[in-house]
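Here's model-v7.txt, which has compact mmCIF, C-alpha atoms and all ligand atoms:
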# COMPACT_ATOMS: atom_id res chain seq x y z
CA MET A 1 87.24 97.76 65.65
CA LYS A 2 86.21 95.55 62.68
CA ASN A 3 86.82 91.83 63.27
CA GLU A 4 88.01 90.86 59.79
CA GLU A 5 90.67 88.20 60.30
CA LEU A 6 89.42 84.72 61.15
CA LEU A 7 90.81 83.07 64.25
CA LEU A 8 90.78 79.63 65.88
CA LEU A 9 91.27 79.44 69.63
CA ILE A 10 93.03 76.34 70.91
CA GLY A 11 91.54 75.52 74.33
CA ASP A 12 88.05 75.83 75.83
CA GLY A 13 88.82 76.58 79.48
CA GLU A 14 88.65 79.83 81.44
CA PHE A 15 91.59 81.44 79.64
CA ALA A 16 90.09 80.51 76.24
CA GLU A 17 86.83 82.20 77.30
CA ILE A 18 88.74 85.31 78.34
CA ALA A 19 90.74 85.27 75.08
CA TYR A 20 87.43 85.00 73.16
CA GLU A 21 86.16 88.14 74.92
CA TYR A 22 89.35 90.13 74.40
CA PHE A 23 89.85 89.14 70.75
CA THR A 24 86.17 89.85 70.02
CA TYR A 25 85.93 93.24 71.64
CA ASP A 26 89.48 94.56 71.33
CA SER A 27 91.22 93.18 68.22
CA PRO A 28 90.91 92.88 64.44
CA TYR A 29 90.25 89.10 64.78
CA ARG A 30 86.94 87.24 64.67
CA VAL A 31 86.94 83.95 66.58
CA VAL A 32 85.23 81.21 64.52
CA ALA A 33 85.81 78.05 66.58
CA PHE A 34 87.52 76.49 69.58
CA ALA A 35 89.62 73.31 69.37
CA VAL A 36 90.65 70.86 72.09
CA GLU A 37 92.37 67.49 71.99
CA LYS A 38 89.84 64.67 71.46
CA GLU A 39 90.49 63.22 74.89
CA TYR A 40 89.26 66.47 76.50
CA LEU A 41 86.36 67.18 74.15
CA VAL A 42 83.20 67.59 76.28
CA LYS A 43 81.47 70.71 74.98
CA GLU A 44 79.88 70.84 71.52
CA THR A 45 79.71 74.61 71.41
CA LEU A 46 80.99 77.61 73.31
CA TYR A 47 79.60 81.14 72.79
CA GLY A 48 77.54 79.59 69.98
CA LEU A 49 80.70 78.49 68.13
CA PRO A 50 81.77 74.91 67.42
CA VAL A 51 84.28 73.14 69.68
CA ILE A 52 86.16 70.71 67.42
CA PRO A 53 88.90 68.10 67.87
CA PHE A 54 92.33 69.70 67.70
CA GLU A 55 93.66 66.70 65.77
CA GLU A 56 91.26 67.52 62.90
CA ILE A 57 91.31 71.32 62.74
CA ASP A 58 93.02 71.51 59.37
CA GLN A 59 90.23 69.36 57.84
CA TRP A 60 87.70 72.01 58.83
CA TYR A 61 89.66 75.27 58.80
CA SER A 62 92.56 75.59 56.36
CA PRO A 63 95.80 77.20 57.58
CA GLU A 64 95.70 79.43 54.49
CA GLN A 65 92.47 81.09 55.61
CA TYR A 66 92.52 80.89 59.40
CA LYS A 67 94.99 81.97 62.05
CA ALA A 68 95.32 80.51 65.54
CA PHE A 69 95.96 81.43 69.15
CA VAL A 70 96.74 78.83 71.83
CA ALA A 71 94.77 79.92 74.91
CA ILE A 72 96.14 77.62 77.58
CA ASN A 73 97.31 78.75 81.03
CA SER A 74 100.49 77.77 82.91
CA THR A 75 99.61 74.07 83.36
CA LYS A 76 102.74 71.94 83.96
CA LEU A 77 104.94 75.04 84.03
CA ASN A 78 103.75 76.13 80.58
CA ARG A 79 104.65 72.79 78.97
CA LEU A 80 101.09 72.09 77.74
CA ARG A 81 100.71 75.51 76.07
CA THR A 82 104.18 75.17 74.51
CA ARG A 83 103.43 71.71 73.09
CA LEU A 84 100.16 72.86 71.50
CA TYR A 85 101.80 76.06 70.20
CA ASN A 86 104.47 73.96 68.45
CA GLU A 87 101.86 71.51 67.12
CA VAL A 88 99.60 74.20 65.69
CA LYS A 89 102.58 75.79 63.95
CA ASN A 90 103.61 72.40 62.56
CA LYS A 91 100.12 72.13 61.07
CA GLY A 92 100.95 75.31 59.12
CA TYR A 93 98.92 77.93 61.01
CA LYS A 94 100.16 81.43 61.56
CA VAL A 95 99.77 82.18 65.27
CA VAL A 96 98.84 85.66 66.41
CA SER A 97 99.33 87.77 69.51
CA TYR A 98 96.96 90.00 71.42
CA ILE A 99 98.04 93.28 73.02
CA SER A 100 95.35 95.08 74.99
CA SER A 101 94.51 98.55 73.74
CA LYS A 102 94.81 99.50 77.41
CA ALA A 103 98.42 98.32 77.77
CA PHE A 104 101.30 100.81 77.60
CA VAL A 105 103.76 99.47 75.04
CA TRP A 106 106.52 101.84 73.99
CA ARG A 107 107.16 102.14 70.24
CA ASN A 108 110.40 100.14 70.15
CA VAL A 109 109.16 97.18 72.22
CA LYS A 110 109.33 93.80 70.45
CA VAL A 111 106.57 91.24 71.03
CA GLY A 112 106.63 87.69 69.61
CA GLU A 113 103.79 85.45 68.42
CA ASN A 114 101.14 83.65 70.49
CA THR A 115 101.75 86.20 73.20
CA PHE A 116 98.86 87.70 75.18
CA ILE A 117 99.29 91.02 76.97
CA PHE A 118 96.44 92.10 79.24
CA GLU A 119 95.42 95.59 80.31
CA ASN A 120 97.64 97.86 82.38
CA ASN A 121 100.91 96.19 81.51
CA VAL A 122 103.70 98.74 81.17
CA LEU A 123 106.44 97.74 78.71
CA GLN A 124 109.13 100.38 78.56
CA HIS A 125 111.82 101.41 76.09
CA HIS A 126 113.40 98.44 74.21
CA VAL A 127 111.68 95.71 76.21
CA GLU A 128 111.56 92.35 74.39
CA VAL A 129 108.82 89.79 74.99
CA GLY A 130 109.27 86.42 73.27
CA ASN A 131 106.84 83.93 71.75
CA ASN A 132 104.06 82.18 73.66
CA VAL A 133 104.25 84.46 76.71
CA ILE A 134 101.21 85.33 78.84
CA MET A 135 101.31 88.61 80.74
CA TRP A 136 98.25 88.90 82.96
CA SER A 137 97.14 92.37 84.07
CA GLY A 138 99.15 95.17 85.62
CA ASN A 139 102.82 94.21 85.34
CA HIS A 140 105.70 96.67 85.01
CA VAL A 141 108.61 95.70 82.76
CA GLY A 142 111.45 98.19 82.96
CA HIS A 143 113.64 99.43 80.10
CA ARG A 144 115.67 96.86 78.10
CA SER A 145 114.39 93.86 80.01
CA ILE A 146 113.82 90.61 78.15
CA ILE A 147 111.13 87.99 78.78
CA LYS A 148 112.01 84.80 76.93
CA ASP A 149 109.64 82.34 75.23
CA ASN A 150 106.86 80.37 76.94
CA SER A 151 106.83 82.23 80.27
CA PHE A 152 103.78 83.20 82.33
CA ILE A 153 103.85 86.52 84.17
CA THR A 154 100.85 86.65 86.50
CA SER A 155 99.76 90.03 87.90
CA HIS A 156 101.38 93.08 89.46
CA VAL A 157 104.84 91.69 88.91
CA VAL A 158 107.67 94.23 88.79
CA ILE A 159 110.58 93.36 86.52
CA ALA A 160 113.07 96.20 86.88
CA GLY A 161 115.30 97.45 84.06
CA ARG A 162 117.82 95.31 82.09
CA SER A 163 116.64 92.07 83.64
CA GLU A 164 116.16 88.76 81.86
CA ILE A 165 113.46 86.17 82.51
CA GLY A 166 114.47 82.75 81.14
CA GLU A 167 112.27 80.42 79.12
CA SER A 168 109.17 78.86 80.58
CA CYS A 169 109.20 80.61 83.95
CA PHE A 170 106.22 81.36 86.21
CA LEU A 171 106.33 84.69 88.06
CA GLY A 172 103.74 84.71 90.87
CA ILE A 173 101.53 87.62 91.80
CA ASN A 174 103.26 90.65 93.29
CA SER A 175 106.75 89.23 92.83
CA THR A 176 109.64 91.62 92.27
CA ILE A 177 112.69 91.09 90.10
CA ASN A 178 115.38 93.65 90.86
CA ASP A 179 117.22 95.43 88.06
CA MET A 180 119.86 93.55 86.02
CA ILE A 181 118.80 90.18 87.46
CA LYS A 182 118.74 86.97 85.39
CA VAL A 183 116.01 84.48 86.27
CA GLY A 184 117.07 81.05 84.98
CA LYS A 185 114.75 79.04 82.76
CA ASP A 186 111.97 76.95 84.32
CA CYS A 187 112.02 78.94 87.56
CA PHE A 188 108.89 79.34 89.67
CA ILE A 189 108.89 82.62 91.57
CA SER A 190 106.37 82.51 94.42
CA SER A 191 103.86 85.24 95.11
CA GLY A 192 105.44 88.23 96.81
CA ALA A 193 109.05 87.03 96.40
CA VAL A 194 111.77 89.66 96.03
CA VAL A 195 114.50 88.34 93.75
CA ASN A 196 117.74 90.26 94.30
CA LYS A 197 120.23 87.71 92.93
CA ASN A 198 120.36 85.64 89.74
CA THR A 199 118.44 82.38 90.10
CA LYS A 200 119.40 78.81 89.19
CA GLU A 201 117.48 77.04 86.41
CA GLY A 202 114.52 74.96 87.52
CA TYR A 203 114.20 76.13 91.12
CA ILE A 204 111.33 77.56 93.16
CA TYR A 205 112.08 80.83 94.95
CA SER A 206 110.13 82.42 97.82
CA GLY A 207 110.42 85.20 100.36
CA ASN A 208 112.25 88.50 100.75
CA PRO A 209 115.06 88.21 99.88
CA ALA A 210 114.05 85.22 97.76
CA LYS A 211 115.65 81.87 98.62
CA SER A 212 115.41 78.64 96.68
CA MET A 213 113.13 76.01 98.18
CA ALA A 214 114.38 72.43 98.56
CA ILE A 215 112.17 71.04 95.82
CA THR A 216 112.85 71.87 92.15
CA SER A 217 110.14 73.11 89.78
CA TYR A 218 110.62 69.85 87.82
CA ARG A 219 109.70 67.78 90.86
CA TYR A 220 106.89 70.10 91.92
CA TYR A 221 105.24 69.91 88.48
CA GLU A 222 106.36 66.32 87.71
CA ILE A 223 107.92 67.39 84.41
CA GLU A 224 111.23 66.77 82.66
CA ALA A 225 114.00 69.35 82.41
CA GLU A 226 114.51 70.08 78.69
C1 LIG B 1 96.64 85.41 86.71
C2 LIG B 1 96.48 84.49 87.86
O1 LIG B 1 95.64 84.63 88.64
S1 LIG B 1 97.55 83.20 87.83
C3 LIG B 1 97.65 82.69 89.51
C4 LIG B 1 98.64 83.49 90.26
N1 LIG B 1 98.93 82.80 91.48
C5 LIG B 1 100.06 82.92 92.12
O2 LIG B 1 100.92 83.69 91.72
C6 LIG B 1 100.26 82.06 93.31
C7 LIG B 1 101.56 81.26 93.20
N2 LIG B 1 101.65 80.33 94.33
C8 LIG B 1 102.53 80.47 95.31
O3 LIG B 1 103.33 81.38 95.32
C9 LIG B 1 102.42 79.43 96.42
O4 LIG B 1 102.54 80.12 97.60
C10 LIG B 1 103.51 78.29 96.30
C11 LIG B 1 103.22 77.50 95.03
C12 LIG B 1 104.93 78.85 96.28
C13 LIG B 1 103.44 77.37 97.51
O5 LIG B 1 102.18 76.82 97.62
P1 LIG B 1 101.94 75.43 98.39
O6 LIG B 1 102.68 74.35 97.65
O7 LIG B 1 100.49 75.30 98.56
O8 LIG B 1 102.71 75.63 99.73
P2 LIG B 1 102.16 75.74 101.21
O9 LIG B 1 101.12 76.82 101.29
O10 LIG B 1 101.81 74.36 101.67
O11 LIG B 1 103.46 76.26 101.94
C14 LIG B 1 104.66 75.52 102.03
C15 LIG B 1 105.68 76.34 102.77
O12 LIG B 1 106.11 77.45 101.92
C16 LIG B 1 105.78 78.69 102.54
N3 LIG B 1 105.24 79.54 101.47
C17 LIG B 1 104.21 79.27 100.69
N4 LIG B 1 103.99 80.26 99.82
C18 LIG B 1 104.91 81.20 100.07
C19 LIG B 1 105.21 82.44 99.51
N5 LIG B 1 104.50 82.92 98.47
N6 LIG B 1 106.23 83.15 100.02
C20 LIG B 1 106.95 82.66 101.05
N7 LIG B 1 106.73 81.47 101.63
C21 LIG B 1 105.72 80.74 101.13
C22 LIG B 1 104.72 78.40 103.59
O13 LIG B 1 104.76 79.32 104.63
C23 LIG B 1 105.13 76.99 104.03
O14 LIG B 1 106.20 77.09 104.94
P3 LIG B 1 106.31 76.07 106.20
O15 LIG B 1 106.47 74.71 105.59
O16 LIG B 1 107.53 76.55 106.94
O17 LIG B 1 105.05 76.23 106.95
Have the structure of the file written as structure tokens, please.
Amino acid sequence: MKNEELLLLIGDGEFAEIAYEYFTYDSPYRVVAFAVEKEYLVKETLYGLPVIPFEEIDQWYSPEQYKAFVAINSTKLNRLRTRLYNEVKNKGYKVVSYISSKAFVWRNVKVGENTFIFENNVLQHHVEVGNNVIMWSGNHVGHRSIIKDNSFITSHVVIAGRSEIGESCFLGINSTINDMIKVGKDCFISSGAVVNKNTKEGYIYSGNPAKSMAITSYRYYEIEAE
């Protein structure tokens, strides 16, 4: 695949390195630089490319010529990635998504922007995935399910048909969301949990059947409810 469109990656951590690999070897984009906030700037280069201050990206790379992808993990229940996603858009950049050539995405699936879909995800008939969503490898999303903006779906998660995952959730490895279930926004679903009832916003759920833990996700992550 020819890498013709020029891309800035926001972030220089492990996920940014993975995004660099995937965009380089499995997309039409060519990564030209990494950007991090000044306070966190320690590397000068990464993969032979410049690492520049995020605050100054538009002085170096104009939003007319370059696109962006915010490659930040689930830090602070996705709040950091969401803030940088909004900031890069406010600077005028078009943000792009990556869908692995090895993912199964049915023809009528909708995928938003700044969304990253790894290999072996299965997205069935009429699934909708919002903006700024990370889907690590090997998840199954059943027909007509919706994953709202800013969520992080780890690996080998099963979301059965007609379910809805609220904004900014974290679904731990091997968790199961039964069909027609609504997961409230800002929920943290622990690894291996089996969710068979709708969940309340901002709670942590564990076990089979999943029960809410005493502590909220807001307290666990020391973040504000929005
Ligand atoms: C793509 C990637 O690789 S992204 C990374 C993916 N990683 C994951 O999905 C892991 C997500 N993490 C989890 O699910 C963790 O188990 C958490 C966050 C729920 C809990 O972790 P900790 O805060 O370290 O809790 P800790 O291990 O101290 O356990 C606290 C209690 O919860 C229980 N508990 C912890 N995890 C779970 C779980 N997954 N299911 C059920 N019970 C659990 C423990 O048994 C313990 O109970 P006790 O107090 O009666 O002994």
At most 7 Å from ligand LIG 1 (chain B) (all atoms listed in the file): residue list as a ChimeraX atom specification: /A:136,154-155,171-173,189-193,206-207
Name all residues at most 10 Å from range 148-153 of chain A (count all atoms listed in the file; drop same-chain ones fewer than 4 positions away) and give them as a ChimeraX atom specification. /A:73-74,77-79,81-82,85,112-117,128-139,157-159,164-173,175,185-189
Need the shell around Glu55 in chain A: protein/DNA/RNA residues with any atom at most 12 Å away, counting all atoms listed in the file. Skip same-chain ones fewer than 5 positions apart. Format as a list in words? Ile10, Ala35, Val36, Glu37, Lys38, Glu39, Tyr40, Leu41, Trp60, Tyr61, Leu84, Glu87, Val88, Asn90 and Lys91 of chain A
Please provide as an MDAnalysis selection string all residues within 10 Å of Arg162 in chain A, with the sequence filter that same-chain residues fewer than 3 positions apart are discarded (counting all atoms listed in the file). chainID A and resid 126:127 141:146 159 178:182
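The smallest atom-to-atom distance between Glu226 in chain A and any of A:Gly202, A:Met213, A:Ala16, A:Glu5, using only C-alpha atoms, is found for A:Gly202.
Here CA of Lys94 in chain A stands at a distance of 9.7 Å from CA of Gln65 in chain A.
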Here is a test: counting only C-alpha atoms, which residue of A:Tyr218, A:Phe34, A:Phe118, A:Tyr203 is nearest to Ala71 in chain A? A:Phe34
Shortest interatomic distance to Ile223 in chain A - which of A:Leu80, A:Val32, A:Ala210, A:Leu49, counting only C-alpha atoms: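 Looking only at the distances to Ile223 in chain A, the closest residue turns out to be A:Leu80.
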Separation of CA of Val31 in chain A from CA of Lys89 in chain A in Å: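 About the pair CA of Lys89 in chain A and CA of Val31 in chain A: they are 17.8 Å apart.
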Could you state the separation of CA of Glu14 in chain A and CA of Asn120 in chain A in Å, given to one decimal place? 20.2 Å
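Distance check against Phe69 in chain A using only C-alpha atoms: of A:Lys200, A:Arg30, A:Lys110, A:His125, the minimum falls on A:Arg30.
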Given only C-alpha atoms as the counted atoms, nearest of A:Tyr20, A:Tyr98, A:Phe104, A:Tyr25 to Tyr47 in chain A: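 Closest to Tyr47 in chain A of all the choices is A:Tyr20.
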Top pick for closest residue to Val96 in chain A, considering A:Ile18, A:Ala225, A:Ile147, A:Leu8 and counting only C-alpha atoms: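 Comparing A:Ile18, A:Ala225, A:Ile147, A:Leu8 against Val96 in chain A, the winner is A:Leu8.
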